[in-house]
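Q: What follows is start_22.csv; its format and atoms are CSV, C-alpha atoms.
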chain,number,residue,atom,x,y,z
Y,23,MET,CA,0.0,0.0,0.0
Y,24,ARG,CA,1.2,3.5,-0.9
Y,25,SER,CA,1.1,6.2,1.7
Y,26,PRO,CA,-1.6,8.7,0.9
Y,27,ASP,CA,0.6,11.7,1.8
Y,28,ASN,CA,2.8,11.7,-1.3
Y,29,GLY,CA,3.6,15.2,-2.6
Y,30,TYR,CA,0.9,16.5,-4.9
Y,31,LEU,CA,3.2,17.0,-7.9
Y,32,ARG,CA,4.8,13.6,-7.5
Y,33,GLN,CA,1.5,11.9,-7.2
Y,34,ASN,CA,0.2,13.8,-10.2
Y,35,ARG,CA,3.1,12.7,-12.3
Y,36,ARG,CA,2.5,9.2,-11.2
Y,37,VAL,CA,-1.2,9.4,-12.1
Y,38,SER,CA,-0.5,10.5,-15.7
Y,39,LYS,CA,2.1,7.8,-16.1
Y,40,VAL,CA,-0.2,5.2,-14.6
Y,41,ALA,CA,-3.0,6.3,-16.9
Y,42,SER,CA,-1.0,5.9,-20.1
Y,43,THR,CA,0.3,2.5,-19.1
Y,44,THR,CA,-3.1,1.3,-18.0
Y,45,VAL,CA,-4.7,2.6,-21.2
Y,46,ARG,CA,-2.0,0.9,-23.3
Y,47,ASP,CA,-2.4,-2.5,-21.4
Y,48,SER,CA,-6.2,-2.3,-21.7
Y,49,PHE,CA,-6.3,-1.4,-25.3
Y,50,SER,CA,-3.8,-4.1,-26.3
Y,51,VAL,CA,-5.8,-6.7,-24.5
Y,52,SER,CA,-9.1,-5.4,-25.8
Y,53,LEU,CA,-8.0,-5.4,-29.5
Y,54,THR,CA,-6.2,-8.7,-29.4
Y,55,VAL,CA,-8.9,-10.6,-27.5
Y,56,GLY,CA,-11.7,-8.7,-29.2
Y,57,ALA,CA,-10.4,-9.6,-32.7
Y,58,TYR,CA,-10.7,-13.2,-31.7
Y,59,GLY,CA,-14.5,-12.5,-31.8
Y,60,VAL,CA,-14.2,-12.9,-35.6
Y,61,ALA,CA,-13.3,-16.6,-34.9
Y,62,PHE,CA,-16.2,-17.0,-32.6
Y,63,GLY,CA,-18.7,-15.4,-34.9
Y,64,ALA,CA,-17.5,-17.6,-37.8
Y,65,ALA,CA,-17.4,-20.8,-35.6
Y,66,SER,CA,-20.9,-20.1,-34.3
Y,67,VAL,CA,-22.5,-19.7,-37.7
Y,68,ALA,CA,-20.5,-22.7,-39.0
Y,69,ASN,CA,-22.0,-24.8,-36.2
Y,70,GLY,CA,-25.5,-23.9,-37.1
Y,71,PHE,CA,-26.3,-20.8,-34.9
Y,72,SER,CA,-27.9,-17.8,-36.6
Y,73,VAL,CA,-26.2,-14.4,-36.8
Y,74,LEU,CA,-28.7,-13.2,-34.2
Y,75,GLN,CA,-27.9,-16.1,-31.8
Y,76,SER,CA,-24.2,-15.6,-32.3
Y,77,CYS,CA,-24.4,-11.9,-31.5
Y,78,LEU,CA,-26.7,-12.5,-28.4
Y,79,LEU,CA,-24.1,-15.0,-27.1
Y,80,SER,CA,-21.4,-12.4,-27.3
Y,81,LEU,CA,-23.6,-9.7,-25.8
Y,82,LEU,CA,-25.2,-11.7,-23.0
Y,83,THR,CA,-22.8,-14.6,-22.2
Y,84,PHE,CA,-19.7,-12.4,-22.9
Y,85,SER,CA,-17.1,-15.0,-22.0
Y,86,GLY,CA,-15.1,-16.4,-24.9
Y,87,ALA,CA,-14.3,-19.9,-23.6
Y,88,SER,CA,-17.9,-20.5,-22.6
Y,89,GLN,CA,-19.2,-19.3,-26.0
Y,90,PHE,CA,-16.8,-21.5,-27.9
Y,91,ALA,CA,-17.8,-24.4,-25.7
Y,92,VAL,CA,-21.5,-24.0,-26.3
Y,93,VAL,CA,-21.3,-23.7,-30.1
Y,94,GLY,CA,-18.7,-26.5,-30.1
Y,95,VAL,CA,-20.8,-29.0,-28.2
Y,96,MET,CA,-24.0,-28.1,-30.2
Y,97,GLY,CA,-22.0,-28.4,-33.4
Y,98,ALA,CA,-20.7,-31.8,-32.4
Y,99,GLY,CA,-24.3,-32.9,-32.0
Y,100,GLY,CA,-24.5,-32.5,-28.2
Y,101,ASN,CA,-27.8,-31.7,-26.5
Y,102,PRO,CA,-28.4,-28.2,-25.1
Y,103,ILE,CA,-28.1,-29.4,-21.5
Y,104,SER,CA,-24.6,-30.6,-21.9
Y,105,ALA,CA,-23.7,-27.6,-24.0
Y,106,VAL,CA,-25.0,-25.2,-21.2
Y,107,ALA,CA,-23.3,-27.4,-18.5
Y,108,THR,CA,-19.9,-27.3,-20.3
Y,109,ALA,CA,-20.2,-23.5,-20.9
Y,110,SER,CA,-21.2,-22.9,-17.3
Y,111,LEU,CA,-18.3,-24.9,-15.9
Y,112,LEU,CA,-16.0,-22.6,-17.9
Y,113,GLY,CA,-17.9,-19.6,-16.5
Y,114,VAL,CA,-17.4,-20.5,-12.8
Y,115,ARG,CA,-14.0,-18.8,-12.9
Y,116,ASN,CA,-15.7,-15.5,-13.7
Y,117,GLY,CA,-17.6,-15.9,-10.3
Y,118,LEU,CA,-14.2,-16.3,-8.7
Y,119,TYR,CA,-12.9,-13.2,-10.4
Y,120,GLY,CA,-16.1,-11.4,-9.1
Y,121,VAL,CA,-15.1,-12.3,-5.5
Y,122,ILE,CA,-11.7,-10.8,-6.1
Y,123,MET,CA,-12.9,-7.6,-7.8
Y,124,ALA,CA,-16.0,-6.8,-5.7
Y,125,PRO,CA,-14.2,-5.4,-2.7
Y,126,ARG,CA,-12.0,-3.2,-5.0
Y,127,LEU,CA,-14.9,-1.9,-7.1
Y,128,LYS,CA,-17.5,-1.4,-4.3
Y,129,VAL,CA,-20.5,-0.9,-6.6
Y,130,ARG,CA,-24.2,-1.6,-6.1
Y,131,GLY,CA,-27.4,-1.7,-8.2
Y,132,ILE,CA,-27.1,-1.1,-11.9
Y,133,LYS,CA,-23.3,-0.5,-11.6
Y,134,ARG,CA,-22.9,-3.9,-10.0
Y,135,ILE,CA,-24.8,-5.5,-12.9
Y,136,VAL,CA,-22.6,-3.8,-15.4
Y,137,ALA,CA,-19.4,-4.7,-13.5
Y,138,ALA,CA,-20.5,-8.3,-13.2
Y,139,GLN,CA,-21.2,-8.5,-16.9
Y,140,ILE,CA,-17.7,-7.4,-17.8
Y,141,THR,CA,-16.0,-9.5,-15.1
Y,142,ILE,CA,-13.9,-11.8,-17.3
Y,143,ASP,CA,-10.3,-13.1,-17.6
Y,144,GLU,CA,-9.0,-10.0,-19.3
Y,145,SER,CA,-10.6,-7.3,-17.2
Y,146,THR,CA,-9.6,-9.0,-14.0
Y,147,GLY,CA,-6.1,-9.8,-15.3
Y,148,VAL,CA,-5.4,-6.2,-16.3
Y,149,ALA,CA,-6.8,-4.9,-13.0
Y,150,LEU,CA,-4.6,-7.2,-10.9
Y,151,ASN,CA,-1.6,-6.2,-13.0
Y,152,GLN,CA,-2.2,-2.6,-12.0
Y,153,GLU,CA,-2.1,-3.5,-8.3
Y,154,SER,CA,1.4,-1.9,-7.7
Y,155,ARG,CA,0.0,1.4,-9.2
Y,156,GLY,CA,-2.8,1.8,-6.7
Y,157,ALA,CA,-6.5,1.2,-6.3
Y,158,ASP,CA,-7.6,3.8,-8.9
Y,159,ALA,CA,-5.4,2.2,-11.6
Y,160,MET,CA,-6.9,-1.2,-10.8
Y,161,ARG,CA,-10.4,0.2,-11.3
Y,162,HIS,CA,-9.4,2.0,-14.5
Y,163,GLY,CA,-7.8,-1.2,-15.8
Y,164,PHE,CA,-10.8,-3.3,-15.0
Y,165,TYR,CA,-13.4,-0.9,-16.6
Y,166,LEU,CA,-11.2,0.1,-19.6
Y,167,THR,CA,-10.4,-3.5,-20.4
Y,168,GLY,CA,-14.0,-4.8,-19.7
Y,169,TYR,CA,-15.6,-2.1,-21.9
Y,170,GLY,CA,-12.9,-2.4,-24.5
Y,171,VAL,CA,-13.1,-6.1,-24.9
Y,172,PHE,CA,-16.9,-5.9,-24.8
Y,173,ILE,CA,-17.0,-3.4,-27.7
Y,174,PHE,CA,-14.4,-5.1,-29.9
Y,175,TRP,CA,-15.7,-8.6,-29.1
Y,176,ASN,CA,-19.2,-7.8,-30.1
Y,177,LEU,CA,-18.2,-5.9,-33.3
Y,178,PHE,CA,-15.9,-8.6,-34.4
Y,179,THR,CA,-18.5,-11.3,-33.6
Y,180,LEU,CA,-20.9,-9.6,-35.9
Y,181,ALA,CA,-18.2,-9.3,-38.6
Y,182,GLY,CA,-17.2,-12.9,-38.2
Y,183,ALA,CA,-20.8,-14.2,-38.3
Y,184,LEU,CA,-21.6,-12.1,-41.4
Y,185,GLY,CA,-18.4,-13.0,-43.1
Y,186,ALA,CA,-18.2,-16.7,-42.0
Y,187,GLN,CA,-18.3,-18.0,-45.6
Y,188,ALA,CA,-15.8,-15.5,-47.0
Y,189,MET,CA,-13.5,-15.4,-44.1
Y,190,GLY,CA,-10.1,-17.0,-44.4
Y,191,ASP,CA,-8.3,-19.2,-41.8
Y,192,ILE,CA,-7.7,-17.2,-38.6
Y,193,ARG,CA,-4.7,-19.5,-37.9
Y,194,ALA,CA,-3.0,-17.9,-40.9
Y,195,TRP,CA,-3.1,-14.6,-39.0
Y,196,GLY,CA,-1.7,-16.1,-35.8
Y,197,LEU,CA,-4.7,-15.2,-33.7
Y,198,ASP,CA,-4.9,-18.7,-32.2
Y,199,ALA,CA,-1.4,-18.1,-30.7
Y,200,ALA,CA,-2.0,-14.5,-29.8
Y,201,VAL,CA,-4.7,-15.3,-27.3
Y,202,PRO,CA,-2.6,-17.7,-25.2
Y,203,GLY,CA,0.2,-15.2,-25.7
Y,204,ALA,CA,-2.1,-12.5,-24.2
Y,205,PHE,CA,-3.0,-14.7,-21.2
Y,206,LEU,CA,0.7,-15.4,-20.7
Y,207,GLY,CA,1.5,-11.7,-20.8
Y,208,LEU,CA,-1.2,-11.2,-18.1
Y,209,VAL,CA,0.0,-13.9,-15.7
Y,210,TRP,CA,3.7,-13.3,-16.1
Y,211,PRO,CA,4.0,-10.2,-13.9
Y,212,ARG,CA,2.0,-12.1,-11.2
Y,213,LEU,CA,4.8,-14.7,-11.0
Y,214,VAL,CA,6.9,-12.9,-8.4
Y,215,THR,CA,7.9,-15.6,-5.9
Y,216,HIS,CA,9.2,-19.1,-6.3
Y,217,ARG,CA,5.8,-20.3,-5.0
Y,218,ASP,CA,3.9,-18.4,-7.7
Y,219,ARG,CA,6.0,-20.0,-10.4
Y,220,ILE,CA,5.5,-23.5,-9.0
Y,221,ILE,CA,1.7,-22.9,-9.0
Y,222,ALA,CA,1.8,-21.7,-12.6
Y,223,ILE,CA,3.9,-24.7,-13.9
Y,224,SER,CA,1.8,-27.1,-11.8
Y,225,ALA,CA,-1.4,-25.6,-13.2
Y,226,VAL,CA,-0.3,-26.0,-16.8
Y,227,ALA,CA,0.8,-29.6,-16.1
Y,228,LEU,CA,-2.4,-30.5,-14.3
Y,229,ALA,CA,-4.7,-28.9,-16.9
Y,230,LEU,CA,-2.9,-30.6,-19.8
Y,231,ALA,CA,-2.8,-34.0,-18.0
Y,232,LEU,CA,-6.6,-33.7,-17.4
Y,233,THR,CA,-7.5,-32.5,-20.9
Y,234,PRO,CA,-7.8,-35.9,-22.5
Y,235,ILE,CA,-9.7,-37.3,-19.5
Y,236,LEU,CA,-12.2,-34.6,-18.4
Y,237,PRO,CA,-14.9,-32.7,-20.4
Y,238,ALA,CA,-13.7,-29.3,-21.7
Y,239,GLY,CA,-13.6,-26.7,-18.9
Y,240,LEU,CA,-13.0,-29.0,-16.0
Y,241,PRO,CA,-9.2,-29.2,-16.4
Y,242,ILE,CA,-9.0,-25.4,-16.1
Y,243,ILE,CA,-11.3,-25.3,-13.1
Y,244,ALA,CA,-9.5,-28.2,-11.4
Y,245,THR,CA,-6.3,-26.1,-11.2
Y,246,ALA,CA,-8.1,-23.8,-8.7
Y,247,PHE,CA,-7.5,-26.6,-6.2
Y,248,ILE,CA,-3.8,-26.1,-6.6
Y,249,ALA,CA,-4.3,-22.4,-5.5
Y,250,ILE,CA,-6.6,-23.5,-2.7
Y,251,ALA,CA,-4.1,-26.2,-1.4
Y,252,VAL,CA,-1.2,-23.8,-1.5
Y,253,GLY,CA,-3.2,-21.0,0.1
Y,254,LEU,CA,-4.4,-23.1,3.0
Y,255,ARG,CA,-0.9,-24.0,4.0
Y,256,PRO,CA,0.3,-21.9,7.0
D,21,MET,CA,-38.1,-23.3,-28.6
D,22,SER,CA,-35.3,-24.9,-30.6
D,23,ALA,CA,-32.3,-26.6,-29.1
D,24,LEU,CA,-30.1,-23.7,-30.3
D,25,TRP,CA,-32.2,-21.1,-28.5
D,26,ILE,CA,-32.2,-23.1,-25.3
D,27,ALA,CA,-28.4,-23.3,-25.5
D,28,THR,CA,-28.1,-19.6,-26.3
D,29,ILE,CA,-30.4,-18.4,-23.5
D,30,GLY,CA,-29.4,-21.0,-20.9
D,31,THR,CA,-25.7,-20.3,-21.4
D,32,SER,CA,-26.2,-16.5,-21.2
D,33,THR,CA,-28.4,-16.7,-18.1
D,34,ILE,CA,-26.1,-19.0,-16.1
D,35,ALA,CA,-23.0,-17.0,-17.2
D,36,PHE,CA,-24.4,-13.8,-15.8
D,37,LEU,CA,-25.7,-15.4,-12.6
D,38,LEU,CA,-22.2,-16.8,-12.0
D,39,LYS,CA,-20.6,-13.4,-12.5
D,40,TYR,CA,-23.1,-11.6,-10.4
D,41,SER,CA,-23.0,-14.1,-7.5
D,42,GLY,CA,-19.2,-13.6,-7.3
D,43,HIS,CA,-19.8,-9.9,-6.9
D,44,SER,CA,-22.5,-10.4,-4.2
D,45,ILE,CA,-20.7,-12.7,-1.8
D,46,PRO,CA,-20.4,-10.6,1.5
D,47,GLU,CA,-17.0,-8.9,1.9
D,48,ARG,CA,-16.5,-10.5,5.4
D,49,PHE,CA,-16.0,-13.8,3.8
D,50,LEU,CA,-12.8,-12.3,2.4
D,51,SER,CA,-11.4,-11.0,5.7
D,52,ASN,CA,-9.8,-14.4,6.5
D,53,PRO,CA,-6.2,-14.2,5.4
D,54,LYS,CA,-6.2,-17.7,4.0
D,55,ILE,CA,-9.2,-16.8,1.8
D,56,GLN,CA,-7.4,-13.7,0.7
D,57,ARG,CA,-4.3,-15.7,-0.1
D,58,ILE,CA,-6.3,-18.2,-2.1
D,59,ASN,CA,-8.0,-15.4,-4.0
D,60,ALA,CA,-4.7,-14.0,-5.0
D,61,LEU,CA,-3.4,-17.4,-6.1
D,62,ILE,CA,-6.4,-18.5,-8.1
D,63,PRO,CA,-5.9,-16.2,-11.1
D,64,ILE,CA,-2.3,-17.5,-11.3
D,65,ALA,CA,-3.5,-21.1,-11.5
D,66,LEU,CA,-6.5,-20.5,-13.9
D,67,LEU,CA,-4.6,-18.1,-16.3
D,68,SER,CA,-1.7,-20.5,-16.4
D,69,ALA,CA,-4.0,-23.4,-17.1
D,70,LEU,CA,-5.6,-21.3,-19.9
D,71,VAL,CA,-2.2,-20.6,-21.5
D,72,GLY,CA,-1.4,-24.4,-21.4
D,73,VAL,CA,-4.8,-25.5,-22.7
D,74,GLN,CA,-5.0,-22.9,-25.5
D,75,THR,CA,-1.5,-23.6,-26.6
D,76,ILE,CA,-1.2,-27.4,-26.6
D,77,SER,CA,-4.7,-28.7,-26.9
D,78,GLU,CA,-7.5,-28.9,-29.4
D,79,LYS,CA,-10.8,-30.2,-28.0
D,80,SER,CA,-9.7,-33.1,-25.8
D,81,LYS,CA,-6.5,-33.9,-27.6
D,82,LEU,CA,-3.0,-32.6,-26.9
D,83,ILE,CA,-1.4,-31.2,-30.0
D,84,ILE,CA,2.0,-29.6,-30.6
D,85,ASP,CA,1.7,-27.2,-33.5
D,86,HIS,CA,2.5,-23.6,-34.7
D,87,ARG,CA,0.8,-22.1,-31.5
D,88,LEU,CA,3.5,-23.6,-29.2
D,89,ALA,CA,6.2,-21.9,-31.3
D,90,GLY,CA,4.3,-18.6,-31.0
D,91,VAL,CA,4.0,-18.9,-27.2
D,92,GLY,CA,7.6,-20.0,-27.0
D,93,VAL,CA,8.7,-16.8,-28.6
D,94,ALA,CA,6.4,-14.8,-26.3
D,95,ILE,CA,8.1,-16.4,-23.3
D,96,ILE,CA,11.5,-15.2,-24.8
D,97,ALA,CA,10.0,-11.7,-25.3
D,98,LEU,CA,8.9,-11.7,-21.6
D,99,PHE,CA,12.3,-12.8,-20.4
D,100,LEU,CA,13.7,-9.8,-22.4
D,101,LYS,CA,11.2,-7.6,-20.6
D,102,ALA,CA,9.3,-6.7,-23.8
D,103,PRO,CA,6.1,-4.7,-23.3
D,104,PHE,CA,2.7,-6.5,-23.5
D,105,PRO,CA,1.8,-5.6,-27.2
D,106,VAL,CA,5.2,-6.8,-28.4
D,107,VAL,CA,4.7,-10.1,-26.5
D,108,VAL,CA,1.3,-10.7,-28.1
D,109,LEU,CA,2.5,-9.6,-31.6
D,110,SER,CA,5.6,-11.8,-31.4
D,111,ALA,CA,3.4,-14.8,-30.6
D,112,ALA,CA,1.0,-14.0,-33.5
D,113,CYS,CA,3.7,-13.4,-36.1
D,114,THR,CA,5.7,-16.5,-35.2
D,115,SER,CA,2.7,-18.7,-35.2
D,116,ALA,CA,1.3,-17.2,-38.5
D,117,ALA,CA,4.7,-17.6,-40.1
D,118,ILE,CA,5.1,-21.2,-39.2
D,119,TYR,CA,1.5,-22.0,-40.1
D,120,ASN,CA,1.8,-20.3,-43.5
D,121,TRP,CA,5.2,-21.5,-44.6
D,122,PHE,CA,5.4,-25.1,-43.3
Show the structure stored in the file as structure tokens.

A:
Amino acid sequence: MRSPDNGYLRQNRRVSKVASTTVRDSFSVSLTVGAYGVAFGAASVANGFSVLQSCLLSLLTFSGASQFAVVGVMGAGGNPISAVATASLLGVRNGLYGVIMAPRLKVRGIKRIVAAQITIDESTGVALNQESRGADAMRHGFYLTGYGVFIFWNLFTLAGALGAQAMGDIRAWGLDAAVPGAFLGLVWPRLVTHRDRIIAISAVALALALTPILPAGLPIIATAFIAIAVGLRP
Amino acid sequence: MSALWIATIGTSTIAFLLKYSGHSIPERFLSNPKIQRINALIPIALLSALVGVQTISEKSKLIIDHRLAGVGVAIIALFLKAPFPVVVLSAACTSAAIYNWF
């Protein structure tokens, strides 16, 4: 925690510096992840969903992994119950992020509904990365990234859904590696101690080991138990 | 209502309820230092798992392809203290180059 009695000028200089860094981080994440909405829109239409349904999923579900899961399961011939269950398992982590963000945002009513809707990997990740720059920077990072991803994700979903037939292969543009690259860039600054790095490596190993065994989504959720086990130790 | 509409609306409803319930858990549940520690560690675990799964898996299969090369170059960029956009672009460019040329 920073002391609140920093000199006015010094604090001001820090604020402007914080703002540009936070804006840059938020914009990079928003554009990168948002652009992946093209892939979702295309995948959704290719799996039989209408353009309207694809856009509603991006507006209302607004969680990439859950959205890919639901269109993937339906496209593979799954029933809606298993599709919703798989998507919801992937959405549990957004609830965990909500627990982390709520005490830092302190919002009620409509503002809480809006904050909840934009509580995703990216907004939480950018917010937590601003931790050393103070509480205001965390809130700015959360909202800038949340709104930014929301805008780009929905615009690109519409574009992808409309252009599904004409669109080329997103892998040719490297987007399928840019997204894990973005998550890596988000988690990297969190890996401060030896313990943090062990948790990260263990989580990758556990998730990959479970991927062939468990339904999509569960391997990611299962790694929360690593965090719980380490956190419970004295 | 068609199966696709059930999937669309069901997923959207539960996704929002999960997000909102996280925001509505009373703050006092977070005053326990162990819970605070777990909360700080959970994003490390989940984001790392996402990196792994999105890099080396496709559906339920483990696959090593162009994406791993992209993420590998991103790791090098991070060790060289590159800013975030450079990290992401290096992953995309490397992956696209390998995908298009090999």

Q: Using all atoms listed in the file, determine which residues lie at most 12 Å from Ile83 of chain D, disregarding the query and same-chain residues fewer than 5 positions distant; provide the list as a PyMOL selection string.

A: (chain Y and resi 230+233-234) or (chain D and resi 72-78+88)

Q: Rounded to one decimal place, report the atom CA of Ser145 of chain Y-atom CA of Lys128 of chain Y distance in Å.

A: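 Taking atom CA of Ser145 of chain Y and atom CA of Lys128 of chain Y, their separation equals 15.8 Å.
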
Q: Using only C-alpha atoms, can you tell me which of D:Asn120, D:Ser22, D:Thr114, D:Ser32 comes closest to Gly203 of chain Y?

A: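 Using only C-alpha atoms, Gly203 of chain Y sits closest to D:Thr114.
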
Q: Write out as a ChimeraX atom specification the residues lying within 9 Å of Thr179 of chain Y, counting all atoms listed in the file and excluding same-chain residues fewer than 2 positions away.

A: /Y:56-64,73,76-77,80,174-177,181-184

Q: Might you pull out every residue within 12 Å of segment 108-112 of chain Y, with all atoms listed in the file counted and same-chain residues fewer than 5 positions away left off, and present them as an NGL selection string?

A: (:Y and (79 or 83-96 or 100-103 or 117-118 or 142-143 or 236-244)) or (:D and (27-39 or 66 or 70))

Q: Can you write segment 45-72 of chain Y from the block above with N, CA and C atoms, as an mmCIF file, in the first residue's frame?

A:
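Result file follows (decode-v5.cif):
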data_model
loop_
_atom_site.group_PDB
_atom_site.id
_atom_site.type_symbol
_atom_site.label_atom_id
_atom_site.label_comp_id
_atom_site.auth_asym_id
_atom_site.auth_seq_id
_atom_site.Cartn_x
_atom_site.Cartn_y
_atom_site.Cartn_z
ATOM 1 N N VAL Y 45 -3.951 2.462 -19.922
ATOM 2 C CA VAL Y 45 -4.692 2.556 -21.176
ATOM 3 C C VAL Y 45 -4.056 1.660 -22.234
ATOM 4 N N ARG Y 46 -2.711 1.682 -22.280
ATOM 5 C CA ARG Y 46 -2.008 0.857 -23.275
ATOM 6 C C ARG Y 46 -2.278 -0.633 -23.032
ATOM 7 N N ASP Y 47 -2.140 -1.067 -21.772
ATOM 8 C CA ASP Y 47 -2.407 -2.468 -21.445
ATOM 9 C C ASP Y 47 -3.840 -2.845 -21.823
ATOM 10 N N SER Y 48 -4.784 -1.980 -21.413
ATOM 11 C CA SER Y 48 -6.197 -2.281 -21.654
ATOM 12 C C SER Y 48 -6.494 -2.351 -23.135
ATOM 13 N N PHE Y 49 -5.955 -1.392 -23.901
ATOM 14 C CA PHE Y 49 -6.251 -1.356 -25.330
ATOM 15 C C PHE Y 49 -5.656 -2.566 -26.055
ATOM 16 N N SER Y 50 -4.412 -2.908 -25.704
ATOM 17 C CA SER Y 50 -3.777 -4.061 -26.349
ATOM 18 C C SER Y 50 -4.600 -5.323 -26.130
ATOM 19 N N VAL Y 51 -5.001 -5.519 -24.859
ATOM 20 C CA VAL Y 51 -5.774 -6.720 -24.539
ATOM 21 C C VAL Y 51 -7.122 -6.677 -25.253
ATOM 22 N N SER Y 52 -7.773 -5.508 -25.235
ATOM 23 C CA SER Y 52 -9.105 -5.383 -25.830
ATOM 24 C C SER Y 52 -9.080 -5.719 -27.314
ATOM 25 N N LEU Y 53 -8.096 -5.152 -28.010
ATOM 26 C CA LEU Y 53 -8.040 -5.356 -29.458
ATOM 27 C C LEU Y 53 -7.674 -6.796 -29.795
ATOM 28 N N THR Y 54 -6.664 -7.323 -29.100
ATOM 29 C CA THR Y 54 -6.212 -8.692 -29.370
ATOM 30 C C THR Y 54 -7.328 -9.697 -29.118
ATOM 31 N N VAL Y 55 -7.890 -9.627 -27.921
ATOM 32 C CA VAL Y 55 -8.923 -10.592 -27.550
ATOM 33 C C VAL Y 55 -10.192 -10.326 -28.330
ATOM 34 N N GLY Y 56 -10.522 -9.028 -28.506
ATOM 35 C CA GLY Y 56 -11.724 -8.677 -29.249
ATOM 36 C C GLY Y 56 -11.685 -9.197 -30.673
ATOM 37 N N ALA Y 57 -10.493 -9.127 -31.297
ATOM 38 C CA ALA Y 57 -10.359 -9.582 -32.676
ATOM 39 C C ALA Y 57 -10.661 -11.073 -32.796
ATOM 40 N N TYR Y 58 -10.440 -11.795 -31.681
ATOM 41 C CA TYR Y 58 -10.739 -13.222 -31.692
ATOM 42 C C TYR Y 58 -12.246 -13.457 -31.838
ATOM 43 N N GLY Y 59 -13.043 -12.404 -31.625
ATOM 44 C CA GLY Y 59 -14.489 -12.491 -31.824
ATOM 45 C C GLY Y 59 -14.844 -12.865 -33.248
ATOM 46 N N VAL Y 60 -13.975 -12.515 -34.204
ATOM 47 C CA VAL Y 60 -14.188 -12.939 -35.597
ATOM 48 C C VAL Y 60 -14.270 -14.451 -35.661
ATOM 49 N N ALA Y 61 -13.322 -15.093 -34.957
ATOM 50 C CA ALA Y 61 -13.291 -16.560 -34.949
ATOM 51 C C ALA Y 61 -14.553 -17.110 -34.306
ATOM 52 N N PHE Y 62 -14.992 -16.471 -33.207
ATOM 53 C CA PHE Y 62 -16.206 -16.967 -32.561
ATOM 54 C C PHE Y 62 -17.418 -16.803 -33.478
ATOM 55 N N GLY Y 63 -17.584 -15.612 -34.059
ATOM 56 C CA GLY Y 63 -18.732 -15.390 -34.938
ATOM 57 C C GLY Y 63 -18.772 -16.408 -36.068
ATOM 58 N N ALA Y 64 -17.588 -16.656 -36.651
ATOM 59 C CA ALA Y 64 -17.510 -17.615 -37.756
ATOM 60 C C ALA Y 64 -17.807 -19.032 -37.281
ATOM 61 N N ALA Y 65 -17.192 -19.418 -36.139
ATOM 62 C CA ALA Y 65 -17.397 -20.772 -35.605
ATOM 63 C C ALA Y 65 -18.860 -20.991 -35.245
ATOM 64 N N SER Y 66 -19.472 -19.957 -34.688
ATOM 65 C CA SER Y 66 -20.861 -20.062 -34.254
ATOM 66 C C SER Y 66 -21.792 -20.313 -35.444
ATOM 67 N N VAL Y 67 -21.627 -19.504 -36.498
ATOM 68 C CA VAL Y 67 -22.469 -19.674 -37.693
ATOM 69 C C VAL Y 67 -22.169 -21.015 -38.373
ATOM 70 N N ALA Y 68 -20.882 -21.374 -38.394
ATOM 71 C CA ALA Y 68 -20.504 -22.651 -39.007
ATOM 72 C C ALA Y 68 -21.112 -23.831 -38.263
ATOM 73 N N ASN Y 69 -21.385 -23.666 -36.972
ATOM 74 C CA ASN Y 69 -21.961 -24.753 -36.182
ATOM 75 C C ASN Y 69 -23.493 -24.680 -36.120
ATOM 76 N N GLY Y 70 -24.094 -23.843 -36.966
ATOM 77 C CA GLY Y 70 -25.545 -23.867 -37.100
ATOM 78 C C GLY Y 70 -26.290 -22.766 -36.379
ATOM 79 N N PHE Y 71 -25.597 -21.952 -35.585
ATOM 80 C CA PHE Y 71 -26.269 -20.841 -34.906
ATOM 81 C C PHE Y 71 -26.518 -19.712 -35.909
ATOM 82 N N SER Y 72 -27.601 -18.961 -35.702
ATOM 83 C CA SER Y 72 -27.884 -17.833 -36.593
ATOM 84 C C SER Y 72 -26.989 -16.651 -36.216
#
